[in-house]
>>> print(open('final39.txt').read())   # compact mmCIF, C-alpha atoms
# COMPACT_ATOMS: atom_id res chain seq x y z
CA MET L 1 0.00 0.00 0.00
CA THR L 2 1.57 3.27 -1.06
CA ARG L 3 1.21 6.34 1.11
CA ASN L 4 -1.40 8.82 -0.09
CA ALA L 5 0.73 11.74 -1.27
CA MET L 6 -2.15 14.13 -0.65
CA ILE L 7 -2.09 13.41 3.12
CA ASP L 8 0.68 15.98 3.66
CA GLU L 9 -1.11 18.83 1.89
CA TRP L 10 -2.97 21.74 3.49
CA TYR L 11 -6.76 21.86 3.08
CA PRO L 12 -9.39 24.46 3.98
CA VAL L 13 -11.60 23.25 6.84
CA GLY L 14 -13.67 26.33 7.70
CA LEU L 15 -13.99 30.10 7.65
CA ALA L 16 -11.73 31.90 10.09
CA SER L 17 -14.54 34.39 10.75
CA GLN L 18 -16.79 31.59 11.99
CA LEU L 19 -14.35 29.99 14.44
CA ASP L 20 -15.87 29.62 17.87
CA ALA L 21 -15.08 27.82 21.10
CA HIS L 22 -17.99 25.45 20.58
CA GLY L 23 -16.31 23.99 17.50
CA ARG L 24 -17.59 22.49 14.30
CA GLY L 25 -17.42 18.89 13.17
CA THR L 26 -16.37 18.20 9.60
CA ALA L 27 -14.13 15.71 7.77
CA LEU L 28 -10.92 15.48 5.83
CA MET L 29 -10.42 12.58 3.42
CA GLY L 30 -12.85 10.34 5.27
CA GLU L 31 -11.57 11.17 8.77
CA PRO L 32 -13.88 13.09 11.12
CA ILE L 33 -12.20 16.24 12.42
CA GLU L 34 -13.18 19.08 14.72
CA VAL L 35 -12.34 22.73 14.12
CA ARG L 36 -12.62 25.19 17.02
CA CYS L 37 -11.16 28.28 18.58
CA GLY L 38 -8.81 27.41 21.45
CA GLU L 39 -8.61 29.25 24.75
CA ASP L 40 -5.53 31.10 23.50
CA GLY L 41 -7.57 32.45 20.58
CA THR L 42 -5.89 30.34 17.90
CA ALA L 43 -7.53 27.72 15.70
CA LYS L 44 -7.38 24.13 16.92
CA VAL L 45 -8.07 21.16 14.69
CA THR L 46 -8.25 17.63 16.05
CA GLY L 47 -8.48 14.35 14.17
CA GLY L 48 -10.73 11.36 14.71
CA ASN L 49 -8.63 9.92 17.53
CA GLY L 50 -8.21 13.29 19.23
CA ARG L 51 -4.72 13.91 17.86
CA VAL L 52 -3.83 17.55 17.24
CA LEU L 53 -3.48 18.40 13.56
CA PRO L 54 -1.31 21.14 12.00
CA THR L 55 -3.25 24.37 11.65
CA CYS L 56 -2.88 27.80 10.09
CA ILE L 57 -5.20 30.70 9.26
CA ARG L 58 -4.79 32.33 5.86
CA TYR L 59 -6.95 33.81 3.09
CA GLY L 60 -10.05 33.93 5.29
CA HIS L 61 -9.92 30.22 6.07
CA VAL L 62 -8.66 27.76 8.63
CA TRP L 63 -6.30 25.24 7.02
CA SER L 64 -5.26 21.85 8.29
CA SER L 65 -3.64 18.58 7.24
CA LEU L 66 -3.91 14.93 8.27
CA GLY L 67 -0.19 14.47 7.68
CA ASP L 68 2.98 16.46 8.00
CA PRO L 69 3.03 19.39 5.55
CA LYS L 70 6.48 19.74 3.99
CA LYS L 71 5.92 23.38 3.02
CA PRO L 72 3.98 26.34 4.39
CA LEU L 73 0.68 27.06 2.66
CA PHE L 74 1.19 28.49 -0.85
CA ALA L 75 1.60 32.25 -1.16
CA ILE L 76 -0.96 34.62 -2.69
CA PRO L 77 0.92 37.95 -2.56
CA GLU L 78 -2.15 39.84 -3.83
CA ALA L 79 -4.02 38.89 -0.64
CA ASP L 80 -1.90 41.41 1.29
CA GLN L 81 -2.12 44.19 -1.31
CA PRO L 82 -3.79 47.34 0.07
CA GLY L 83 -7.11 48.38 -1.46
CA ARG L 84 -8.48 44.92 -2.10
CA ARG L 85 -11.73 43.69 -0.64
CA LEU L 86 -11.48 40.21 0.74
CA VAL L 87 -14.64 38.20 0.21
CA ASP L 88 -15.52 35.05 2.14
CA VAL L 89 -18.02 33.46 -0.25
CA GLY L 90 -18.94 30.61 2.11
CA VAL L 91 -19.26 26.94 1.36
CA VAL L 92 -20.93 24.83 -1.31
CA ARG L 93 -21.23 21.08 -0.70
CA VAL L 94 -20.80 19.15 -3.95
CA ARG L 95 -21.20 15.42 -4.47
CA CYS L 96 -18.19 15.11 -6.75
CA SER L 97 -14.49 14.34 -6.64
CA PRO L 98 -12.48 17.27 -5.22
CA LEU L 99 -10.22 17.01 -8.27
CA ARG L 100 -13.20 17.32 -10.61
CA ALA L 101 -14.22 20.54 -8.83
CA VAL L 102 -10.78 22.00 -9.55
CA GLU L 103 -10.70 20.79 -13.14
CA ASN L 104 -14.07 22.39 -13.86
CA PHE L 105 -12.76 25.66 -12.39
CA LEU L 106 -9.87 25.55 -14.89
CA ASP L 107 -12.21 25.14 -17.87
CA ILE L 108 -13.42 28.16 -19.81
CA ALA L 109 -15.06 26.40 -22.78
CA HIS L 110 -18.18 25.66 -20.71
CA PHE L 111 -18.88 29.33 -19.89
CA PRO L 112 -21.40 30.01 -22.72
CA PHE L 113 -23.34 26.82 -21.96
CA VAL L 114 -23.30 26.58 -18.17
CA HIS L 115 -22.94 30.26 -17.20
CA THR L 116 -25.03 31.54 -20.10
CA ASP L 117 -25.11 35.35 -20.45
CA ILE L 118 -22.87 35.82 -17.42
CA LEU L 119 -19.42 34.37 -18.06
CA GLY L 120 -20.06 33.52 -21.71
CA SER L 121 -22.63 33.60 -24.48
CA GLU L 122 -23.09 32.26 -27.96
CA PRO L 123 -21.81 32.90 -30.57
CA HIS L 124 -18.67 33.96 -28.64
CA THR L 125 -17.63 30.39 -27.90
CA GLU L 126 -14.12 30.25 -29.32
CA VAL L 127 -11.23 29.47 -26.98
CA GLN L 128 -8.15 31.09 -28.45
CA ASN L 129 -4.72 29.55 -28.01
CA TYR L 130 -3.17 30.14 -24.62
CA LYS L 131 -0.03 29.03 -22.83
CA VAL L 132 0.19 26.24 -20.26
CA GLU L 133 3.21 25.15 -18.28
CA ILE L 134 4.20 23.26 -15.17
CA ARG L 135 6.55 25.69 -13.43
CA GLU L 136 9.24 23.46 -12.01
CA ASP L 137 10.66 25.90 -9.43
CA GLU L 138 7.30 26.62 -7.82
CA ASP L 139 5.91 23.17 -8.70
CA GLU L 140 2.65 24.72 -9.89
CA VAL L 141 0.47 24.44 -12.99
CA TRP L 142 0.01 27.80 -14.77
CA ALA L 143 -2.15 28.82 -17.72
CA THR L 144 -1.58 32.32 -19.09
CA GLN L 145 -2.84 34.51 -21.93
CA VAL L 146 -6.28 32.96 -21.63
CA LYS L 147 -8.82 35.28 -23.30
CA PHE L 148 -12.57 34.97 -23.43
CA TYR L 149 -15.50 37.18 -24.36
CA GLN L 150 -17.82 37.68 -21.41
CA PRO L 151 -21.23 39.38 -21.30
CA GLN L 152 -20.84 40.18 -17.57
CA ALA L 153 -17.36 39.25 -16.39
CA ALA L 154 -17.81 40.53 -12.86
CA LYS L 155 -20.36 42.26 -10.70
CA SER L 156 -18.49 45.50 -11.51
CA ALA L 157 -18.47 44.94 -15.30
CA GLU L 158 -20.86 46.87 -17.52
CA GLY L 159 -21.62 45.15 -20.79
CA GLY L 160 -19.50 42.59 -22.60
CA ILE L 161 -15.71 42.62 -22.58
CA THR L 162 -12.92 40.31 -23.60
CA THR L 163 -11.51 39.20 -20.28
CA GLU L 164 -7.98 37.95 -19.81
CA TYR L 165 -7.30 35.22 -17.31
CA MET L 166 -4.41 33.44 -15.67
CA TYR L 167 -4.92 30.19 -13.79
CA ARG L 168 -2.66 28.76 -11.18
CA VAL L 169 -2.80 25.39 -9.37
CA PRO L 170 -0.48 25.54 -6.34
CA ALA L 171 -1.95 22.51 -4.52
CA PRO L 172 -3.95 19.48 -5.70
CA THR L 173 -7.33 20.82 -4.55
CA CYS L 174 -6.73 24.57 -4.78
CA SER L 175 -6.75 26.91 -7.73
CA ILE L 176 -6.31 30.65 -8.10
CA LEU L 177 -7.75 32.62 -10.97
CA TYR L 178 -6.34 36.03 -11.92
CA LYS L 179 -8.77 38.00 -13.99
CA THR L 180 -8.84 41.37 -15.76
CA CYS L 181 -10.11 43.96 -13.31
CA PRO L 182 -12.36 46.49 -15.12
CA PRO L 183 -12.04 49.37 -12.59
CA HIS L 184 -8.25 48.90 -12.21
CA PRO L 185 -6.49 48.32 -15.53
CA GLY L 186 -3.09 46.77 -14.87
CA GLU L 187 -4.27 44.89 -11.78
CA TRP L 188 -5.80 41.43 -11.56
CA ASP L 189 -8.82 40.43 -9.52
CA VAL L 190 -8.12 37.25 -7.56
CA ILE L 191 -10.75 34.53 -7.34
CA THR L 192 -9.82 31.29 -5.66
CA LEU L 193 -11.31 27.87 -5.33
CA PHE L 194 -10.27 26.14 -2.12
CA VAL L 195 -11.62 22.59 -2.02
CA GLN L 196 -11.92 20.52 1.16
CA PRO L 197 -11.92 16.81 0.27
CA LEU L 198 -14.49 15.13 2.54
CA ALA L 199 -14.35 11.85 0.61
CA GLU L 200 -13.14 10.78 -2.82
CA ASP L 201 -16.52 11.72 -4.26
CA LEU L 202 -17.66 14.47 -1.89
CA CYS L 203 -16.25 17.92 -1.19
CA ASP L 204 -16.92 21.27 0.39
CA VAL L 205 -15.91 24.09 -1.92
CA TRP L 206 -14.85 27.39 -0.35
CA PRO L 207 -14.51 30.11 -2.99
CA TRP L 208 -12.70 33.24 -1.83
CA MET L 209 -11.93 36.54 -3.55
CA ALA L 210 -9.59 39.52 -3.28
CA LEU L 211 -11.07 42.20 -5.53
CA PHE L 212 -10.63 45.82 -6.47
CA ASP L 213 -14.28 46.80 -6.12
CA ASP L 214 -15.33 49.45 -3.62
CA GLU L 215 -18.82 49.87 -5.05
CA THR L 216 -20.64 46.55 -5.06
CA PRO L 217 -22.33 45.54 -1.80
CA MET L 218 -20.72 42.52 -0.17
CA THR L 219 -23.98 40.56 -0.43
CA ASP L 220 -24.03 41.06 -4.21
CA LEU L 221 -20.41 39.94 -4.57
CA ILE L 222 -21.19 36.78 -2.63
CA HIS L 223 -24.42 36.14 -4.54
CA PHE L 224 -22.65 36.55 -7.89
CA GLN L 225 -20.04 33.94 -7.02
CA GLN L 226 -22.57 31.57 -5.46
CA THR L 227 -24.78 31.81 -8.56
CA ILE L 228 -21.84 30.80 -10.72
CA PHE L 229 -20.87 27.95 -8.47
CA VAL L 230 -24.34 26.51 -8.10
CA GLN L 231 -24.53 26.39 -11.92
CA ASP L 232 -21.29 24.40 -11.87
CA ARG L 233 -22.64 22.06 -9.23
CA SER L 234 -25.37 20.71 -11.51
CA ILE L 235 -22.61 19.73 -13.94
CA LEU L 236 -20.18 18.38 -11.36
CA GLU L 237 -22.72 16.10 -9.72
CA ASN L 238 -23.56 14.48 -13.04
CA GLN L 239 -20.10 13.81 -14.40
CA ILE L 240 -19.26 10.23 -15.36
CA PRO L 241 -17.10 8.59 -14.07
CA ARG L 242 -17.32 10.23 -10.66
CA LEU L 243 -13.56 10.05 -10.09
CA LEU L 244 -11.20 12.09 -12.29
CA PRO L 245 -9.54 9.83 -14.89
CA LEU L 246 -5.78 10.41 -14.99
CA ASP L 247 -5.13 7.97 -17.82
CA PRO L 248 -6.39 8.50 -21.36
CA GLY L 249 -9.77 6.82 -21.75
CA MET L 250 -12.94 7.72 -23.54
CA GLU L 251 -12.41 11.46 -23.46
CA ILE L 252 -11.19 13.48 -26.42
CA PRO L 253 -9.28 16.58 -25.27
CA THR L 254 -8.94 19.55 -27.61
CA ARG L 255 -6.61 22.57 -27.50
CA ALA L 256 -9.08 24.28 -25.15
CA ASP L 257 -8.42 21.55 -22.57
CA LEU L 258 -4.65 22.02 -22.27
CA THR L 259 -4.90 23.32 -18.69
CA SER L 260 -6.83 20.22 -17.69
CA VAL L 261 -4.33 17.98 -19.46
CA ALA L 262 -1.43 19.63 -17.59
CA TYR L 263 -3.33 19.44 -14.27
CA ARG L 264 -3.99 15.72 -14.69
CA ARG L 265 -0.36 15.09 -15.69
CA TRP L 266 0.87 17.04 -12.64
CA LEU L 267 -1.49 15.12 -10.31
CA LYS L 268 -0.28 11.81 -11.69
CA ARG L 269 3.37 12.75 -11.48
CA HIS L 270 2.99 13.53 -7.76
CA GLY L 271 0.73 10.60 -6.98
CA TYR L 272 -2.08 13.01 -6.05
CA THR L 273 -4.72 10.39 -6.67
CA TYR L 274 -7.31 10.90 -3.91
CA GLY L 275 -10.46 11.44 -6.01
CA ALA L 276 -8.80 10.10 -9.16
CA GLN L 277 -9.06 6.88 -11.10
CA LEU L 278 -5.99 5.49 -12.76
CA VAL L 279 -7.36 2.65 -14.85
CA ALA L 280 -9.43 3.77 -17.82
CA GLN L 281 -12.96 2.39 -17.71
CA MET E 1 -22.01 14.25 -18.86
CA ARG E 2 -24.88 12.34 -20.39
CA LEU E 3 -26.29 13.87 -23.55
CA SER E 4 -29.75 13.53 -21.98
CA HIS E 5 -28.89 16.65 -19.96
CA GLY E 6 -28.37 18.49 -23.24
CA PHE E 7 -30.67 20.27 -25.63
CA VAL E 8 -31.99 19.84 -29.16
CA ARG E 9 -31.51 22.64 -31.63
CA GLY E 10 -32.88 21.99 -35.08
CA GLU E 11 -31.77 18.45 -35.91
CA THR E 12 -28.73 18.64 -33.64
CA LEU E 13 -28.36 17.27 -30.12
CA SER E 14 -26.02 19.47 -28.07
CA CYS E 15 -24.19 18.65 -24.86
CA ILE E 16 -25.06 20.89 -21.88
CA TYR E 17 -21.43 21.15 -20.77
CA HIS E 18 -19.43 22.41 -23.76
CA GLY E 19 -22.06 22.56 -26.47
CA TRP E 20 -20.60 19.86 -28.72
CA GLY E 21 -23.33 19.19 -31.30
CA TYR E 22 -24.14 15.76 -32.72
CA ALA E 23 -26.02 14.72 -35.85
CA GLN E 24 -28.69 12.02 -35.94
CA GLU E 25 -26.06 9.52 -37.11
CA GLY E 26 -24.05 10.22 -33.92
CA ASN E 27 -21.13 12.05 -35.54
CA CYS E 28 -19.94 15.31 -34.01
CA LEU E 29 -20.80 18.35 -36.11
CA ARG E 30 -19.56 21.19 -34.01
CA ILE E 31 -17.07 21.95 -31.22
CA PRO E 32 -17.94 25.51 -30.17
CA ALA E 33 -14.56 26.15 -28.51
CA HIS E 34 -12.99 25.65 -31.96
CA PRO E 35 -15.52 26.95 -34.50
CA ALA E 36 -13.11 26.65 -37.44
CA LEU E 37 -12.41 22.99 -36.75
CA THR E 38 -14.27 20.30 -38.66
CA PRO E 39 -14.63 17.55 -36.05
CA PRO E 40 -12.98 14.30 -37.16
CA ASP E 41 -15.39 11.50 -37.99
CA THR E 42 -13.97 9.46 -35.09
CA ILE E 43 -15.74 11.74 -32.59
CA ARG E 44 -19.00 9.88 -32.45
CA VAL E 45 -21.59 8.79 -29.91
CA ALA E 46 -23.61 5.57 -29.91
CA THR E 47 -27.06 5.92 -31.43
CA GLN E 48 -30.27 4.02 -30.79
CA HIS E 49 -33.25 3.22 -32.93
CA VAL E 50 -36.12 5.43 -31.79
CA GLU E 51 -39.89 5.10 -32.21
CA ASP E 52 -42.41 7.67 -31.13
CA GLY E 53 -45.91 6.36 -30.45
CA ASP E 54 -48.88 7.19 -28.18
CA GLY E 55 -46.91 9.98 -26.55
CA VAL E 56 -44.07 7.68 -25.51
CA ILE E 57 -40.56 7.65 -26.95
CA TRP E 58 -39.18 4.13 -27.31
CA ILE E 59 -35.70 2.87 -27.99
CA SER E 60 -34.71 -0.72 -28.58
CA ALA E 61 -31.78 -2.47 -26.98
CA GLY E 62 -30.30 -4.08 -30.07
CA GLU E 63 -32.34 -4.97 -33.13
CA ALA E 64 -36.06 -4.58 -32.41
CA ALA E 65 -38.05 -7.69 -33.39
CA ALA E 66 -41.36 -5.87 -33.39
CA PRO E 67 -42.68 -2.32 -33.18
CA PRO E 68 -43.36 -0.99 -29.67
CA PRO E 69 -46.69 -1.99 -28.08
CA ARG E 70 -49.72 0.22 -28.66
CA LEU E 71 -51.06 1.96 -25.59
CA ASP E 72 -54.64 2.54 -26.64
CA GLY E 73 -56.85 4.62 -24.41
CA VAL E 74 -54.11 5.90 -22.10
CA ALA E 75 -51.96 9.01 -22.07
CA PRO E 76 -48.59 9.68 -20.42
CA LEU E 77 -48.80 11.63 -17.15
CA ARG E 78 -45.29 11.81 -15.72
CA SER E 79 -42.05 9.87 -15.32
CA MET E 80 -40.23 9.22 -12.07
CA MET E 81 -37.13 7.38 -10.91
CA VAL E 82 -37.72 4.68 -8.31
CA GLU E 83 -34.85 3.53 -6.08
CA ALA E 84 -36.06 -0.07 -6.23
CA ASN E 85 -36.24 -2.88 -8.77
CA VAL E 86 -39.26 -4.15 -10.71
CA ALA E 87 -39.86 -6.97 -8.19
CA ALA E 88 -40.24 -4.45 -5.35
CA LEU E 89 -42.67 -2.40 -7.44
CA GLU E 90 -44.68 -5.56 -8.21
CA ALA E 91 -44.79 -6.42 -4.51
CA ALA E 92 -45.90 -2.91 -3.62
CA ALA E 93 -48.64 -2.96 -6.27
CA GLY E 94 -49.70 -6.53 -5.49
CA ALA E 95 -49.61 -7.30 -9.21
CA LYS E 96 -47.23 -8.71 -11.78
CA ALA E 97 -45.86 -6.71 -14.70
CA ALA E 98 -46.53 -8.08 -18.17
CA GLY E 99 -44.47 -6.90 -21.12
CA GLY E 100 -42.98 -4.11 -19.02
CA LEU E 101 -46.44 -2.83 -18.07
CA LEU E 102 -47.69 -2.92 -14.50
CA ASP E 103 -51.35 -2.15 -13.82
CA HIS E 104 -52.03 -0.57 -10.45
CA SER E 105 -55.53 0.12 -9.17
CA ASN E 106 -56.00 2.72 -6.47
CA ASP E 107 -59.32 4.20 -5.32
CA GLY E 108 -61.13 3.21 -8.48
CA LEU E 109 -58.36 4.67 -10.61
CA THR E 110 -56.19 2.47 -12.79
CA LEU E 111 -52.62 3.50 -13.50
CA ARG E 112 -50.63 1.81 -16.21
CA LEU E 113 -46.96 1.92 -15.31
CA LEU E 114 -44.31 1.43 -17.96
CA LEU E 115 -41.20 0.12 -16.22
CA ALA E 116 -37.65 0.51 -17.55
CA PRO E 117 -35.02 -1.05 -15.26
CA ASP E 118 -31.91 1.09 -14.74
CA GLY E 119 -29.35 -1.33 -13.35
CA GLU E 120 -30.13 -3.70 -10.48
CA ALA E 121 -31.59 -1.26 -7.98
CA ARG E 122 -33.40 1.50 -9.88
CA THR E 123 -36.37 1.63 -12.20
CA LEU E 124 -37.53 4.46 -14.40
CA MET E 125 -41.32 4.46 -14.10
CA HIS E 126 -43.51 6.15 -16.71
CA VAL E 127 -47.03 6.76 -15.41
CA LEU E 128 -49.94 6.51 -17.86
CA VAL E 129 -53.59 7.27 -17.10
CA GLY E 130 -56.85 7.02 -19.02
CA GLU E 131 -56.74 9.59 -21.80
CA ASP E 132 -60.09 11.07 -20.70
CA ALA E 133 -59.01 11.52 -17.05
CA ASN E 134 -59.81 14.99 -15.74
CA PRO E 135 -57.27 17.19 -13.86
CA THR E 136 -58.45 16.00 -10.42
CA GLU E 137 -58.02 12.37 -11.47
CA ARG E 138 -54.62 13.12 -12.93
CA ILE E 139 -53.47 14.70 -9.68
CA ALA E 140 -54.81 11.69 -7.76
CA ALA E 141 -52.97 9.36 -10.15
CA SER E 142 -49.76 11.29 -9.68
CA ARG E 143 -50.08 11.01 -5.89
CA ALA E 144 -50.90 7.29 -6.16
CA ALA E 145 -47.74 6.74 -8.20
CA GLU E 146 -45.69 8.56 -5.56
CA THR E 147 -47.24 6.40 -2.83
CA LEU E 148 -46.40 3.27 -4.80
CA ARG E 149 -42.84 4.49 -5.23
CA ARG E 150 -42.45 5.04 -1.49
CA ALA E 151 -43.84 1.60 -0.76
CA ALA E 152 -41.47 -0.05 -3.26
CA GLU E 153 -38.50 1.80 -1.83
CA ARG E 154 -39.48 0.70 1.70
CA ILE E 155 -39.65 -2.91 0.56
CA ARG E 156 -36.25 -2.56 -1.03
CA SER E 157 -34.74 -1.18 2.18
CA GLY E 158 -36.18 -4.13 4.11
CA GLY E 159 -39.29 -2.47 5.55
CA ALA E 160 -42.80 -3.88 5.46
CA VAL E 161 -45.50 -3.23 2.91
CA GLN E 162 -48.13 -0.87 4.28
>>> encode(input="final39.txt", output="C-alpha cells")
Amino acid sequence: MTRNAMIDEWYPVGLASQLDAHGRGTALMGEPIEVRCGEDGTAKVTGGNGRVLPTCIRYGHVWSSLGDPKKPLFAIPEADQPGRRLVDVGVVRVRCSPLRAVENFLDIAHFPFVHTDILGSEPHTEVQNYKVEIREDEDEVWATQVKFYQPQAAKSAEGGITTEYMYRVPAPTCSILYKTCPPHPGEWDVITLFVQPLAEDLCDVWPWMALFDDETPMTDLIHFQQTIFVQDRSILENQIPRLLPLDPGMEIPTRADLTSVAYRRWLKRHGYTYGAQLVAQ
Amino acid sequence: MRLSHGFVRGETLSCIYHGWGYAQEGNCLRIPAHPALTPPDTIRVATQHVEDGDGVIWISAGEAAAPPPRLDGVAPLRSMMVEANVAALEAAAGAKAAGGLLDHSNDGLTLRLLLAPDGEARTLMHVLVGEDANPTERIAASRAAETLRRAAERIRSGGAVQ
C-alpha cells in the first residue's frame, strides 16, 4: 500500500470568521475532524482519535492537514495588497471528486453553456490559443494569456468585454484565478477555489476573492459567485465517471483543454490520486 | 455528462457542458470552442433506434423484433425514478408486470406503469392514465404513483408493505 501523497497537503476546513469555542465537526479525506477556537484564541483542529493536527489561518480560512506538511501554505501575494476587498463566499457542498471541482474551475469552454449570459454567451464560444506550463521551481500548474468574451465578467463589469485570465494550481485541490479587473487596468482580480476533500466523491468548496471593487455591496459579490458555483454544481454532480480519470480513456481533449491535461499530468506525477481513477474504464 | 442533460436545436443534439453538437447519425458536427475545426469522424456517440408512439418515446436495446406496443386509451402523465427494482414495485402494487407494463388500481383509478429497469436497484417508471381523465383524477394518479414508489423503496430497504 503506497502512502497517499495528498495526506501531507494543506486543506481548507472552515472560515476563520466563523471559528468559535464550541467547534464544528467536519471531515478530511474520510476522517472526522473538529475545528474550534482554542482558549488562546488560535484555531485548533483535532483528528478522529483526538490527535492535534497542523493548523494555520490564511486567506479567510482555517487550514489543516492529516499528515505532515512539507511546506507552508502556498503564497498569494495579492491577498496582502492594500485596497483589495477580501470576500468570504462561504461553502458549497458538492457530491463530486475534489479534483473534478478544480478541473471544472480551470475550464473556460463551458462558460457560454453553463454560465449563459454571465461568463459567456453564444456565438462567442471560441477558446483562443493560450499558454500552459508546469513551473518546475514553484511546482505549480500555470495557464496564461487565456482570453474569453464575457457578457458580464464581474459584478463591476458593464456590458461585454474580452476578459484575460491566468490560472494557477499551487496545490492538488486549490486553484487561483487572476482576472482582468475592469475598474483597475493593470491589476488582476483574484478569485480562488479552495476545495476541502471530505471523501473521494464528496467535497466542500470554499470560494474566496480579493477584488478591487469598492462599489458593489458585499452581499451582491457573494451572490454573484454563489450563482456561478451553483450552476457548476449541476454539472459536477452528473459527471461520469465520478472520479477524475488520470489515464487516457474515452475522453477526447482539444486545444481548449490544455490546462486540464497539464493538471492531470501534474497530479499523476505527484501521486495526487485521492479522487482520481488510474485505470481507464 | 450524459447527452440527456443536453438540448436539441434543429436536428442537432447538443451537450449541456461544452455545447458539442451531434447529428442524428451520432457524428460530431460542431465543437464551439474551436468553430473553425471540422470535427474528425472518429468523434462519435452511440445511437439508438427510436420510435415515437402514443406519446411515448421508445428505444430498442439491439435490433427490435417488433414495433413498440400500442397503448390505446391511455396518455402519459409523468415519469419518475424509483430507487427499487421491478420486483419491489410488483410487490408494492400486489400485481405482476406483463411486457414491461404494470397495472395498479387505487381508489377506483387504474394506473398503467411502464417500467424501464436502470441497473439492479433502480427503475424508471412512466405513469400513464386514461386519456379522458380529468385534472383532479390526474393529480390523484400522480399522488398514487408517488405512494407506490415510497412503498417499493421501503420494501427494497427491508421495511414492510403498508
>>> interface_residues(input="final39.txt", of="chain L", to="chain E", cutoff="12 Å", atoms="all atoms listed in the file", output="ChimeraX atom specification")
/L:104,107-116,120-129,147-149,231-242,250-257
>>> axis_aligned_box(input="final39.txt", around="segment 24-38 of chain L", padding_each_side="5 Å", output="lines of an AutoDock Vina configuration file")
center_x = -13.2
center_y = 19.3
center_z = 12.4
size_x = 18.8
size_y = 27.9
size_z = 28.0
>>> residues_around(input="final39.txt", residues="segment 271-280 of chain L", least_positions_apart="3", cutoff="12 Å", atoms="all atoms listed in the file", output="PyMOL selection string")
chain L and resi 2-9+28-30+95-103+171-173+195-203+240-251+263-268
>>> residues_around(input="final39.txt", residues="Arg36 of chain L", least_positions_apart="3", cutoff="6 Å", atoms="all atoms listed in the file", output="PDB file with C-alpha atoms, keeping the file's coordinate frame")
ATOM      1  CA  LEU L  19     -14.350  29.990  14.440  1.00  0.00           C
ATOM      2  CA  ASP L  20     -15.870  29.620  17.870  1.00  0.00           C
ATOM      3  CA  ALA L  21     -15.080  27.820  21.100  1.00  0.00           C
ATOM      4  CA  GLY L  23     -16.310  23.990  17.500  1.00  0.00           C
ATOM      5  CA  ALA L  43      -7.530  27.720  15.700  1.00  0.00           C
ATOM      6  CA  LYS L  44      -7.380  24.130  16.920  1.00  0.00           C
TER       7      LYS L  44
END
>>> residues_around(input="final39.txt", residues="Ala23 of chain E", least_positions_apart="6", cutoff="12 Å", atoms="only C-alpha atoms", output="list in words")
Val8, Arg9, Gly10, Glu11, Thr12, Leu13, Ser14, Cys15, Leu29, Arg30, Pro39, Asp41, Ile43, Arg44, Val45, Ala46 and Thr47 of chain E
>>> atom_distance(input="final39.txt", atom1="atom CA of Thr38 of chain E", atom2="atom CA of Val132 of chain L")
24.1 Å
>>> atom_distance(input="final39.txt", atom1="atom CA of Met80 of chain E", atom2="atom CA of Ser105 of chain E")
18.0 Å
>>> residues_around(input="final39.txt", residues="segment 125-135 of chain E", least_positions_apart="2", cutoff="7 Å", atoms="only C-alpha atoms", output="VMD selection string")
chain E and resid 73 to 82 110 to 116 123 137 to 139
>>> atom_distance(input="final39.txt", atom1="atom CA of Leu221 of chain L", atom2="atom CA of Val13 of chain L")
22.1 Å
>>> residues_near_point(input="final39.txt", point="(-10.4, 37.7, -21.1)", cutoff="9 Å", atoms="all atoms listed in the file", output="list of chain:residue names")
L:Gln145, L:Val146, L:Lys147, L:Phe148, L:Tyr149, L:Gln150, L:Ala153, L:Ile161, L:Thr162, L:Thr163, L:Glu164, L:Tyr165, L:Lys179, L:Thr180
>>> residues_around(input="final39.txt", residues="Ile33 of chain L", least_positions_apart="6", cutoff="7 Å", atoms="all atoms listed in the file", output="PyMOL selection string")
chain L and resi 25-27+45-48
>>> residues_near_point(input="final39.txt", point="(-47.3, -10.3, -24.4)", cutoff="12 Å", atoms="only C-alpha atoms", output="PyMOL selection string")
chain E and resi 66+68-70+97-101
>>> closest_residue(input="final39.txt", among="L:Ile176, L:Cys181, L:Ile228, L:Met218", to="Ala79 of chain L", atoms="only C-alpha atoms")
L:Ile176
>>> closest_residue(input="final39.txt", among="L:Ser175, L:Gln152, L:Gln225, L:Thr259", to="Ala75 of chain L", atoms="all atoms listed in the file")
L:Ser175
>>> closest_residue(input="final39.txt", among="E:Ser142, E:Ala84, E:Glu120, E:Trp20", to="Leu37 of chain E", atoms="only C-alpha atoms")
E:Trp20
>>> build_atoms(input="final39.txt", residues="segment 29-37 of chain E", atoms="N, CA and C atoms", output="short mmCIF file (atom, residue, chain, number, x, y, z; two decimals), keeping the file's coordinate frame")
data_model
loop_
_atom_site.label_atom_id
_atom_site.label_comp_id
_atom_site.auth_asym_id
_atom_site.auth_seq_id
_atom_site.Cartn_x
_atom_site.Cartn_y
_atom_site.Cartn_z
N LEU E 29 -20.72 17.33 -35.07
CA LEU E 29 -20.80 18.35 -36.11
C LEU E 29 -20.06 19.62 -35.72
N ARG E 30 -19.94 19.85 -34.42
CA ARG E 30 -19.56 21.19 -34.01
C ARG E 30 -18.91 21.14 -32.64
N ILE E 31 -17.73 21.76 -32.51
CA ILE E 31 -17.07 21.95 -31.22
C ILE E 31 -16.96 23.45 -31.02
N PRO E 32 -17.87 24.05 -30.24
CA PRO E 32 -17.94 25.51 -30.17
C PRO E 32 -16.64 26.19 -29.75
N ALA E 33 -15.82 25.52 -28.93
CA ALA E 33 -14.56 26.15 -28.51
C ALA E 33 -13.62 26.34 -29.70
N HIS E 34 -13.84 25.56 -30.76
CA HIS E 34 -12.99 25.65 -31.96
C HIS E 34 -13.88 25.71 -33.20
N PRO E 35 -14.51 26.86 -33.44
CA PRO E 35 -15.52 26.95 -34.50
C PRO E 35 -14.96 26.63 -35.90
N ALA E 36 -13.67 26.87 -36.10
CA ALA E 36 -13.11 26.65 -37.44
C ALA E 36 -12.78 25.18 -37.69
N LEU E 37 -12.82 24.40 -36.64
CA LEU E 37 -12.41 22.99 -36.75
C LEU E 37 -13.56 22.13 -37.27
#
